[in-house]
>>> print(open('coords-v1.txt').read())   # compact mmCIF, C-alpha atoms
# COMPACT_ATOMS: atom_id res chain seq x y z
CA MET A 1 0.00 0.00 0.00
CA VAL A 2 2.84 2.38 0.89
CA LEU A 3 4.66 1.66 -2.36
CA SER A 4 1.43 2.10 -4.33
CA SER A 5 0.83 5.56 -2.92
CA GLN A 6 4.47 6.47 -3.51
CA ALA A 7 4.19 5.23 -7.11
CA LEU A 8 1.07 7.33 -7.63
CA GLY A 9 2.90 10.32 -6.17
CA PHE A 10 5.79 9.76 -8.57
CA LEU A 11 3.41 9.48 -11.56
CA LEU A 12 1.72 12.69 -10.44
CA LEU A 13 5.08 14.44 -10.37
CA LEU A 14 5.91 12.99 -13.78
CA SER A 15 2.62 14.24 -15.25
CA LEU A 16 3.75 17.81 -14.60
CA TYR A 17 6.55 17.35 -17.12
CA PRO A 18 6.06 16.82 -20.92
CA ILE A 19 6.43 13.05 -21.40
CA ASP A 20 7.73 13.51 -24.96
CA ALA A 21 10.74 15.47 -23.77
CA ILE A 22 11.54 12.81 -21.17
CA THR A 23 11.30 9.79 -23.48
CA LYS A 24 13.63 11.47 -26.01
CA LYS A 25 16.35 11.78 -23.37
CA LEU A 26 15.83 8.39 -21.71
CA PRO A 27 18.54 5.78 -22.47
CA PRO A 28 17.27 3.43 -25.24
CA ALA A 29 17.66 0.36 -23.03
CA LEU A 30 15.06 1.78 -20.62
CA LEU A 31 12.59 3.13 -23.18
CA ASN A 32 10.80 -0.16 -24.00
CA PRO A 33 10.50 -1.22 -20.31
CA LEU A 34 8.99 2.23 -19.63
CA LEU A 35 6.40 1.82 -22.39
CA GLU A 36 5.41 -1.58 -20.98
CA CYS A 37 5.37 -0.36 -17.40
CA THR A 38 2.20 -0.64 -15.28
CA LEU A 39 1.53 0.51 -11.74
CA GLU A 40 2.22 -3.05 -10.56
CA THR A 41 5.54 -3.41 -12.40
CA LEU A 42 6.54 0.08 -11.32
CA ILE A 43 6.42 -1.22 -7.75
CA THR A 44 7.71 -4.77 -8.20
CA SER A 45 10.10 -4.86 -11.17
CA PRO A 46 13.83 -4.34 -10.38
CA SER A 47 14.30 -2.59 -13.74
CA SER A 48 11.65 -0.06 -12.74
CA LEU A 49 13.91 1.29 -10.01
CA GLU A 50 16.45 2.20 -12.65
CA ILE A 51 13.71 3.79 -14.76
CA ILE A 52 12.51 5.86 -11.79
CA PHE A 53 16.06 6.99 -11.08
CA GLU A 54 16.67 8.07 -14.69
CA LEU A 55 13.33 9.88 -14.88
CA SER A 56 14.08 11.69 -11.61
CA LYS A 57 17.48 12.71 -12.92
CA LEU A 58 16.00 14.02 -16.17
CA MET A 59 13.38 16.07 -14.32
CA MET A 60 15.95 17.60 -12.00
CA ASP A 61 18.28 18.37 -14.92
CA SER A 62 15.51 20.01 -16.90
CA TYR A 63 14.18 22.11 -14.05
CA PHE A 64 17.69 23.12 -13.05
CA THR A 65 18.30 24.64 -16.48
CA SER A 66 15.22 26.85 -16.25
CA ASP A 67 14.75 27.29 -12.50
CA PRO A 68 17.14 25.74 -9.89
CA ARG A 69 14.48 26.18 -7.21
CA GLN A 70 12.20 23.77 -9.09
CA SER A 71 15.04 21.27 -9.12
CA GLN A 72 15.23 21.55 -5.34
CA SER A 73 11.46 21.00 -5.14
CA VAL A 74 11.73 17.80 -7.20
CA TYR A 75 14.51 16.58 -4.97
CA ASP A 76 12.56 17.35 -1.78
CA PHE A 77 9.41 15.71 -3.13
CA LEU A 78 11.21 12.50 -4.08
CA LYS A 79 12.99 12.35 -0.74
CA GLU A 80 9.81 12.90 1.28
CA LYS A 81 7.07 11.24 -0.78
CA CYS A 82 8.91 8.49 -2.70
CA LYS A 83 11.62 7.48 -0.24
CA ASP A 84 10.92 3.70 -0.47
CA LEU A 85 10.49 3.75 -4.23
CA CYS A 86 13.54 5.85 -5.09
CA ASN A 87 17.15 5.02 -4.47
CA LEU A 88 17.82 7.45 -1.62
CA ASP A 89 21.54 6.76 -1.79
CA LYS A 90 21.62 8.07 -5.34
CA LEU A 91 19.43 11.10 -4.68
CA PRO A 92 22.12 12.99 -2.68
CA MET A 93 24.48 12.29 -5.56
CA LEU A 94 22.03 13.89 -8.00
CA LYS A 95 21.57 16.85 -5.71
CA GLY A 96 25.32 17.19 -5.31
CA PHE A 97 25.79 17.35 -9.07
CA GLU A 98 23.05 19.94 -9.40
CA LEU A 99 24.58 22.14 -6.70
CA LEU A 100 27.98 21.81 -8.34
CA LYS A 101 26.56 23.04 -11.64
CA GLU A 102 24.89 25.89 -9.79
CA ALA A 103 28.13 26.87 -8.04
CA LYS A 104 29.99 27.17 -11.32
CA ARG A 105 27.50 29.79 -12.48
CA MET A 106 27.68 31.87 -9.32
CA PRO A 107 29.89 34.87 -8.56
CA LYS A 108 32.92 33.99 -6.47
CA GLU A 109 31.57 35.37 -3.20
CA LYS A 110 28.56 33.00 -3.34
CA MET A 111 30.29 30.06 -4.97
CA LEU A 112 31.90 28.64 -1.83
CA LEU A 113 28.61 28.22 0.01
CA SER A 114 27.06 26.28 -2.88
CA LEU A 115 30.26 24.26 -3.25
CA LYS A 116 30.10 23.33 0.43
CA ASP A 117 26.51 22.14 -0.01
CA ALA A 118 27.50 20.10 -3.08
CA GLN A 119 30.44 18.61 -1.21
CA ASP A 120 28.22 17.64 1.73
CA HIS A 121 25.83 15.76 -0.57
CA LEU A 122 28.60 14.00 -2.47
CA MET A 123 30.47 12.98 0.67
CA ASN A 124 27.43 11.72 2.57
CA LEU A 125 26.74 8.84 0.19
CA LYS A 126 26.71 5.34 1.66
CA HIS A 127 28.90 3.99 -1.13
CA ALA A 128 31.82 5.36 -3.12
CA LEU A 129 31.05 7.25 -6.31
CA PRO A 130 31.93 5.24 -9.43
CA LEU A 131 35.39 6.11 -10.71
CA ASN A 132 34.11 7.84 -13.86
CA GLN A 133 31.73 10.01 -11.84
CA ILE A 134 34.24 11.11 -9.21
CA THR A 135 36.68 11.90 -12.03
CA ASP A 136 34.00 14.07 -13.61
CA VAL A 137 33.41 15.89 -10.31
CA LEU A 138 37.15 16.48 -9.94
CA ARG A 139 37.24 17.98 -13.42
CA HIS A 140 34.58 20.51 -12.38
CA TYR A 141 36.42 21.20 -9.12
CA GLN A 142 39.67 21.95 -10.94
CA GLU A 143 37.90 24.43 -13.22
CA ILE A 144 36.91 26.49 -10.18
CA GLY A 145 40.09 25.90 -8.13
CA PHE A 146 38.57 23.69 -5.42
CA GLN A 147 41.72 21.58 -4.87
CA LEU A 148 41.38 20.90 -1.15
CA GLY A 149 37.76 19.94 -1.68
CA SER A 150 38.94 17.53 -4.38
CA LEU A 151 41.33 15.82 -1.97
CA ASP A 152 38.66 15.66 0.73
CA LEU A 153 36.23 14.05 -1.72
CA ILE A 154 38.84 11.49 -2.83
CA ALA A 155 39.61 10.53 0.79
CA SER A 156 35.92 10.21 1.63
CA ASN A 157 35.17 7.97 -1.35
CA ALA A 158 38.28 5.83 -1.02
CA SER A 159 37.37 5.08 2.61
CA LYS A 160 34.02 3.64 1.45
CA LEU A 161 35.57 1.10 -0.91
CA PRO A 162 35.21 -2.55 0.11
CA PRO A 163 38.42 -4.31 1.20
CA LEU A 164 40.60 -5.40 -1.73
CA ALA A 165 38.40 -3.56 -4.24
CA PRO A 166 39.99 -4.12 -7.68
CA ASP A 167 40.01 -0.43 -8.61
CA SER A 168 41.04 0.94 -5.19
CA GLU A 169 44.49 1.98 -6.41
CA SER A 170 42.86 4.07 -9.14
CA TYR A 171 40.96 6.05 -6.50
CA TYR A 172 44.14 6.89 -4.60
CA THR A 173 46.02 7.96 -7.72
CA LEU A 174 43.30 10.59 -8.23
CA VAL A 175 45.18 12.76 -5.69
CA ASN A 176 47.56 13.58 -8.55
CA ILE A 177 44.80 15.60 -10.29
CA PRO A 178 44.37 18.36 -7.66
CA LEU A 179 48.01 18.26 -6.56
CA ASP A 180 49.31 18.57 -10.12
CA SER A 181 47.14 21.65 -10.56
CA VAL A 182 48.86 23.39 -7.63
CA ARG A 183 52.38 22.12 -8.36
CA LYS A 184 53.54 25.51 -9.60
CA ALA A 185 52.31 27.23 -6.43
CA LEU A 186 54.00 24.63 -4.21
CA GLN A 187 57.28 24.87 -6.12
CA SER A 188 57.32 28.68 -5.90
CA SER A 189 58.90 30.73 -3.17
CA PRO A 190 56.48 31.57 -0.33
CA LEU A 191 57.43 35.22 -0.85
CA THR A 192 56.19 35.21 -4.45
CA CYS A 193 53.26 32.84 -3.86
CA PRO A 194 51.25 33.77 -0.74
CA GLU A 195 48.63 31.06 -1.43
CA GLN A 196 51.26 28.37 -0.75
CA ALA A 197 50.87 28.81 3.02
CA ASP A 198 47.08 28.46 2.76
CA LEU A 199 47.43 25.31 0.64
CA LEU A 200 49.84 23.71 3.11
CA HIS A 201 47.72 24.68 6.10
CA GLY A 202 44.60 23.25 4.47
CA LEU A 203 46.38 20.06 3.43
CA LYS A 204 47.85 19.55 6.90
CA HIS A 205 44.40 19.98 8.47
CA LEU A 206 42.92 17.52 5.96
CA LEU A 207 45.55 14.86 6.67
CA GLU A 208 45.03 15.26 10.41
CA ASN A 209 41.38 14.32 9.92
CA VAL A 210 41.84 11.39 7.52
CA ASN A 211 42.66 7.99 9.00
CA ASP A 212 43.24 6.20 5.70
CA LYS A 213 46.96 5.29 5.50
CA LEU A 214 46.78 4.64 1.76
CA PHE A 215 45.49 8.16 1.18
CA HIS A 216 48.39 9.57 3.20
CA LYS A 217 50.79 7.40 1.20
CA ALA A 218 49.41 8.72 -2.09
CA VAL A 219 49.91 12.33 -0.95
CA TYR A 220 53.43 11.62 0.40
CA ASP A 221 54.40 9.85 -2.82
CA TRP A 222 53.35 12.88 -4.84
CA PHE A 223 55.48 15.27 -2.75
CA LEU A 224 58.57 13.05 -2.89
CA ASN A 225 58.12 12.29 -6.61
CA ASN A 226 57.94 16.04 -7.24
CA ASN A 227 61.06 16.70 -5.15
CA LEU A 228 59.23 18.67 -2.46
CA PRO A 229 60.38 16.91 0.74
CA THR A 230 60.78 20.12 2.74
CA LEU A 231 57.12 21.01 2.22
CA LEU A 232 56.15 17.44 2.99
CA TYR A 233 57.76 17.73 6.42
CA GLU A 234 55.42 20.66 7.15
CA ILE A 235 52.22 18.72 6.47
CA CYS A 236 53.12 15.13 7.37
CA SER A 237 50.94 13.30 9.85
CA ILE A 238 51.35 10.53 12.42
CA TYR A 239 51.62 8.02 9.56
CA PHE A 240 54.71 9.61 8.02
CA LEU A 241 57.40 7.66 9.89
CA GLU A 242 55.56 4.41 9.21
CA TYR A 243 55.42 5.39 5.54
CA LEU A 244 59.17 6.03 5.50
CA SER A 245 59.77 2.66 7.16
CA THR A 246 58.03 0.67 4.44
CA SER A 247 59.93 -1.01 1.63
CA PRO A 248 61.75 -0.10 -0.46
CA ILE A 249 63.55 1.63 2.41
CA THR A 250 66.59 2.95 0.54
CA ASP A 251 64.67 5.44 -1.61
CA LYS A 252 63.07 6.95 1.51
CA MET A 253 65.97 6.73 3.96
CA SER A 254 67.37 10.11 2.97
CA ALA A 255 63.94 11.73 3.36
CA ARG A 256 63.56 10.13 6.78
CA CYS A 257 66.90 11.51 7.97
CA CYS A 258 66.09 15.00 6.66
CA TYR A 259 62.76 14.84 8.45
CA PHE A 260 64.47 14.02 11.77
CA ILE A 261 66.93 16.88 11.29
CA SER A 262 64.12 19.31 10.45
CA LYS A 263 62.45 18.34 13.75
CA SER A 264 65.76 18.61 15.75
CA MET A 265 65.65 14.86 16.45
CA TYR A 266 69.42 14.58 16.03
CA CYS A 267 69.97 11.21 17.68
CA ALA A 268 67.36 9.59 15.44
CA ALA A 269 68.83 11.37 12.40
CA ALA A 270 72.35 10.21 13.26
CA ARG A 271 71.17 6.63 13.77
CA HIS A 272 69.38 6.52 10.43
CA LEU A 273 72.23 8.18 8.54
CA PHE A 274 74.60 5.66 10.12
CA GLU A 275 72.39 2.72 9.16
CA TYR A 276 71.97 4.15 5.67
CA ALA A 277 75.76 4.40 5.22
CA LEU A 278 76.23 0.79 6.41
CA ASP A 279 73.46 -0.65 4.22
CA GLU A 280 75.17 -3.37 2.16
CA ASP A 281 72.06 -4.05 0.08
CA ASN A 282 72.06 -0.58 -1.42
CA HIS A 283 74.46 -1.04 -4.32
CA ASP A 284 73.85 2.49 -5.60
CA LEU A 285 75.85 3.98 -2.72
CA THR A 286 79.52 4.58 -3.55
CA LEU A 287 82.22 4.67 -0.91
CA ALA A 288 82.42 8.46 -1.25
CA ARG A 289 78.66 8.76 -0.66
CA ARG A 290 78.83 6.46 2.36
CA ILE A 291 81.61 8.60 3.86
CA GLU A 292 79.49 11.70 3.21
CA LEU A 293 76.59 10.09 5.09
CA LEU A 294 78.88 9.18 7.99
CA ASN A 295 80.10 12.76 8.23
CA GLN A 296 76.50 13.97 8.29
CA ALA A 297 75.75 11.49 11.07
CA LYS A 298 78.81 12.69 12.97
CA GLY A 299 77.60 16.28 12.59
CA CYS A 300 74.27 15.30 14.13
CA THR A 301 75.97 13.77 17.18
CA GLU A 302 78.06 16.90 17.65
CA ASN A 303 75.13 19.30 17.47
CA ASN A 304 75.37 21.49 20.56
CA ASN A 305 71.75 22.61 20.35
CA THR A 306 70.23 19.16 20.48
CA LEU A 307 67.53 18.49 23.06
CA ASP A 308 68.00 14.76 22.48
CA THR A 309 69.10 13.06 25.72
CA ALA A 310 68.96 9.45 24.53
CA PRO A 311 71.41 7.40 26.66
CA ASN A 312 73.04 5.82 23.60
CA PHE A 313 73.79 9.16 21.93
CA PHE A 314 77.43 9.24 23.10
CA GLN A 315 78.00 5.59 22.22
CA LEU A 316 76.57 6.16 18.76
CA GLY A 317 79.04 9.00 18.23
CA LYS A 318 81.93 6.67 19.09
CA GLU A 319 80.69 4.01 16.65
CA ILE A 320 80.42 6.57 13.86
CA LYS A 321 83.92 7.88 14.58
CA VAL A 322 85.41 4.35 14.40
CA CYS A 323 83.59 3.69 11.16
CA LEU A 324 84.85 6.96 9.65
CA GLU A 325 88.44 6.07 10.55
CA ALA A 326 88.03 2.71 8.82
CA ALA A 327 86.45 4.39 5.78
CA ASP A 328 89.41 6.80 5.46
CA ILE A 329 91.80 3.83 5.46
CA GLN A 330 89.59 2.09 2.91
CA LEU A 331 90.03 5.11 0.63
CA GLN A 332 93.77 4.94 1.22
CA VAL A 333 93.77 1.24 0.25
CA ILE A 334 92.09 2.07 -3.07
CA GLU A 335 94.53 4.94 -3.79
CA GLU A 336 97.65 2.92 -2.89
CA TYR A 337 96.49 -0.11 -4.90
CA SER A 338 95.81 2.12 -7.92
CA GLU A 339 99.32 3.66 -7.65
CA LEU A 340 101.04 0.27 -7.39
CA CYS A 341 99.14 -1.25 -10.32
CA PRO A 342 98.43 1.62 -12.76
CA GLY A 343 96.21 0.39 -15.58
CA THR A 344 96.26 -3.23 -14.35
CA GLN A 345 93.93 -3.07 -11.36
CA ASP A 346 91.50 -5.91 -10.83
CA PRO A 347 88.07 -4.32 -11.55
CA GLU A 348 86.27 -6.83 -9.33
CA LEU A 349 88.52 -5.99 -6.40
CA LEU A 350 87.98 -2.25 -6.88
CA GLU A 351 84.23 -2.78 -7.13
CA LYS A 352 84.34 -4.81 -3.92
CA LEU A 353 86.23 -2.03 -2.12
CA ASN A 354 83.79 0.58 -3.39
CA SER A 355 80.59 -1.36 -2.66
CA LYS A 356 80.48 -1.29 1.16
CA LEU A 357 82.26 -0.20 4.32
CA TYR A 358 84.75 -2.61 5.90
CA PRO A 359 85.96 -2.79 9.53
CA ILE A 360 89.69 -2.09 9.98
CA GLN A 361 90.57 -5.71 10.79
CA GLU A 362 88.76 -6.98 7.69
CA LEU A 363 90.57 -4.41 5.53
CA TYR A 364 93.88 -5.58 6.97
CA LEU A 365 93.28 -9.30 6.47
CA ASP A 366 91.43 -9.27 3.13
CA PHE A 367 93.16 -6.43 1.25
CA VAL A 368 96.18 -4.79 2.89
CA CYS A 369 98.18 -7.94 3.63
CA PRO A 370 97.41 -9.85 0.41
CA LEU A 371 98.21 -6.77 -1.70
CA ASN A 372 101.21 -5.78 0.46
CA LEU A 373 100.10 -2.17 0.84
CA SER A 374 102.72 -0.73 3.21
CA LYS A 375 101.25 2.75 3.66
CA ALA A 376 97.80 1.44 4.46
CA MET A 377 99.37 -1.17 6.78
CA GLN A 378 101.18 1.55 8.70
CA SER A 379 97.98 3.62 9.03
CA ILE A 380 96.06 0.61 10.31
CA LEU A 381 98.67 -0.29 12.92
CA GLU A 382 98.70 3.33 14.11
CA LYS A 383 94.93 3.30 14.52
CA ASP A 384 94.50 -0.27 15.75
CA PRO A 385 97.66 -2.17 16.76
CA LEU A 386 95.54 -5.31 17.32
CA ALA A 387 94.25 -5.43 13.74
CA SER A 388 97.09 -7.75 12.65
CA ILE A 389 96.31 -10.33 15.34
>>> encode(input="coords-v1.txt", output="structure tokens")
Amino acid sequence: MVLSSQALGFLLLLSLYPIDAITKKLPPALLNPLLECTLETLITSPSSLEIIFELSKLMMDSYFTSDPRQSQSVYDFLKEKCKDLCNLDKLPMLKGFELLKEAKRMPKEKMLLSLKDAQDHLMNLKHALPLNQITDVLRHYQEIGFQLGSLDLIASNASKLPPLAPDSESYYTLVNIPLDSVRKALQSSPLTCPEQADLLHGLKHLLENVNDKLFHKAVYDWFLNNNLPTLLYEICSIYFLEYLSTSPITDKMSARCCYFISKSMYCAAARHLFEYALDEDNHDLTLARRIELLNQAKGCTENNNTLDTAPNFFQLGKEIKVCLEAADIQLQVIEEYSELCPGTQDPELLEKLNSKLYPIQELYLDFVCPLNLSKAMQSILEKDPLASI
């Protein structure tokens, strides 16, 4: 009985609109079912729900063009009088689209209010918008410069995806659309681009209110891929260190150390720089680069302004110093070997010496003695008389 009265109410609403104009715009696949539709099938047939949705959309679209207030009346009528017959989850989406269209036509001072209303409707859906529809919304948002709203909408929709949804990654990569549009502003100097501070403040606030780690990862990836780590440190959230700890570690280790230094966490920075320099699995690091990292770590341990009182801070400084002494001798081994065998060096041996850091005793036993490098041997015995034992 309830559905019957709602169906009659819907037909009454439909009678106010020229049926010819509606049928011309209806998708062909729904036209024949509409022509065969009765009051009974309108209530019971699953395909009728799709017909009702399309007809509602067409009425709202048509009224919006001539009079947006009529569009609002259609929406309110459907929500109040046809709530069991219509797909109420889709109705806010329709209303959101209508408000978005309305906002684009408004002067700037009134646009934000309408945009906020559109955003509320689009974010209050029970399910995520289909990928093609959210992409379409983002396109409209970019045309009016609503980048933070774009990111908020992406986060809201991605959080509604079912676990292991096949297209979930595509939702997260959508963050590139609004962020790419503000790349120039973010890459500019704050002095020449005042809106940069507002963007960063808004983005930081957004990340603080989003609990989706994958969304945070997508934003962090964009900043690092666009070589903007310093700005990333300003907006990063509680998930940032976890993000930097995920594999592959080597491409994020430098960013992690810079983050610690920017926050005056010198003991943590020194520890990570030290571990980075010792990483034997990172074959891209040359001996010179490893020594550079060790010197940076040493500088962190010697920082007089540090508030870090970790008990192992002093011990870490000693370990770094010992490692640096061994690295200097390792450089000396390479230089002396190259002088003794000009043009005839073993490339595998040189690659081995340049691929990782060796302790003094290992240098002595594996390289200095077999190659009979007297200068390096003297330096080792001066530093560590027990190395030859």
>>> residues_around(input="coords-v1.txt", residues="region 344-360 of chain A", least_positions_apart="3", cutoff="6 Å", atoms="only C-alpha atoms", output="compact mmCIF listing (two decimals) with C-alpha atoms, in the coordinates of the input")
# COMPACT_ATOMS: atom_id res chain seq x y z
CA GLU A 280 75.17 -3.37 2.16
CA THR A 286 79.52 4.58 -3.55
CA LEU A 287 82.22 4.67 -0.91
CA ALA A 326 88.03 2.71 8.82
CA CYS A 341 99.14 -1.25 -10.32
CA LEU A 363 90.57 -4.41 5.53
>>> residues_around(input="coords-v1.txt", residues="Leu115 (chain A)", least_positions_apart="6", cutoff="12 Å", atoms="only C-alpha atoms", output="PyMOL selection string")
chain A and resi 95-109+121-123+137+140-141+144-150+153
>>> closest_residue(input="coords-v1.txt", among="A:Met93, A:Ile380, A:Ala268, A:Leu55", to="Leu30 (chain A)", atoms="all atoms listed in the file")
A:Leu55
>>> closest_residue(input="coords-v1.txt", among="A:Ala21, A:Leu179, A:Ala165, A:Val333", to="Ala218 (chain A)", atoms="all atoms listed in the file")
A:Leu179
>>> closest_residue(input="coords-v1.txt", among="A:Leu224, A:Cys193, A:Ile320, A:Leu138", to="Leu174 (chain A)", atoms="all atoms listed in the file")
A:Leu138
>>> atom_distance(input="coords-v1.txt", atom1="CA of Leu324 (chain A)", atom2="CA of Pro342 (chain A)")
26.7 Å
>>> closest_residue(input="coords-v1.txt", among="A:Val368, A:Ala29, A:Ile154, A:Cys257", to="Thr230 (chain A)", atoms="only C-alpha atoms")
A:Cys257
>>> atom_distance(input="coords-v1.txt", atom1="CA of Pro370 (chain A)", atom2="CA of Val322 (chain A)")
23.3 Å
>>> residues_around(input="coords-v1.txt", residues="His205 (chain A)", least_positions_apart="2", cutoff="12 Å", atoms="all atoms listed in the file", output="list in words")
Leu148, Leu151, Asp152, Asp198, Leu199, Leu200, His201, Gly202, Leu203, Leu207, Glu208, Asn209, Val210, Glu234, Ile235, Cys236 and Ser237 of chain A
>>> atom_distance(input="coords-v1.txt", atom1="CA of Arg271 (chain A)", atom2="CA of Ala288 (chain A)")
18.9 Å
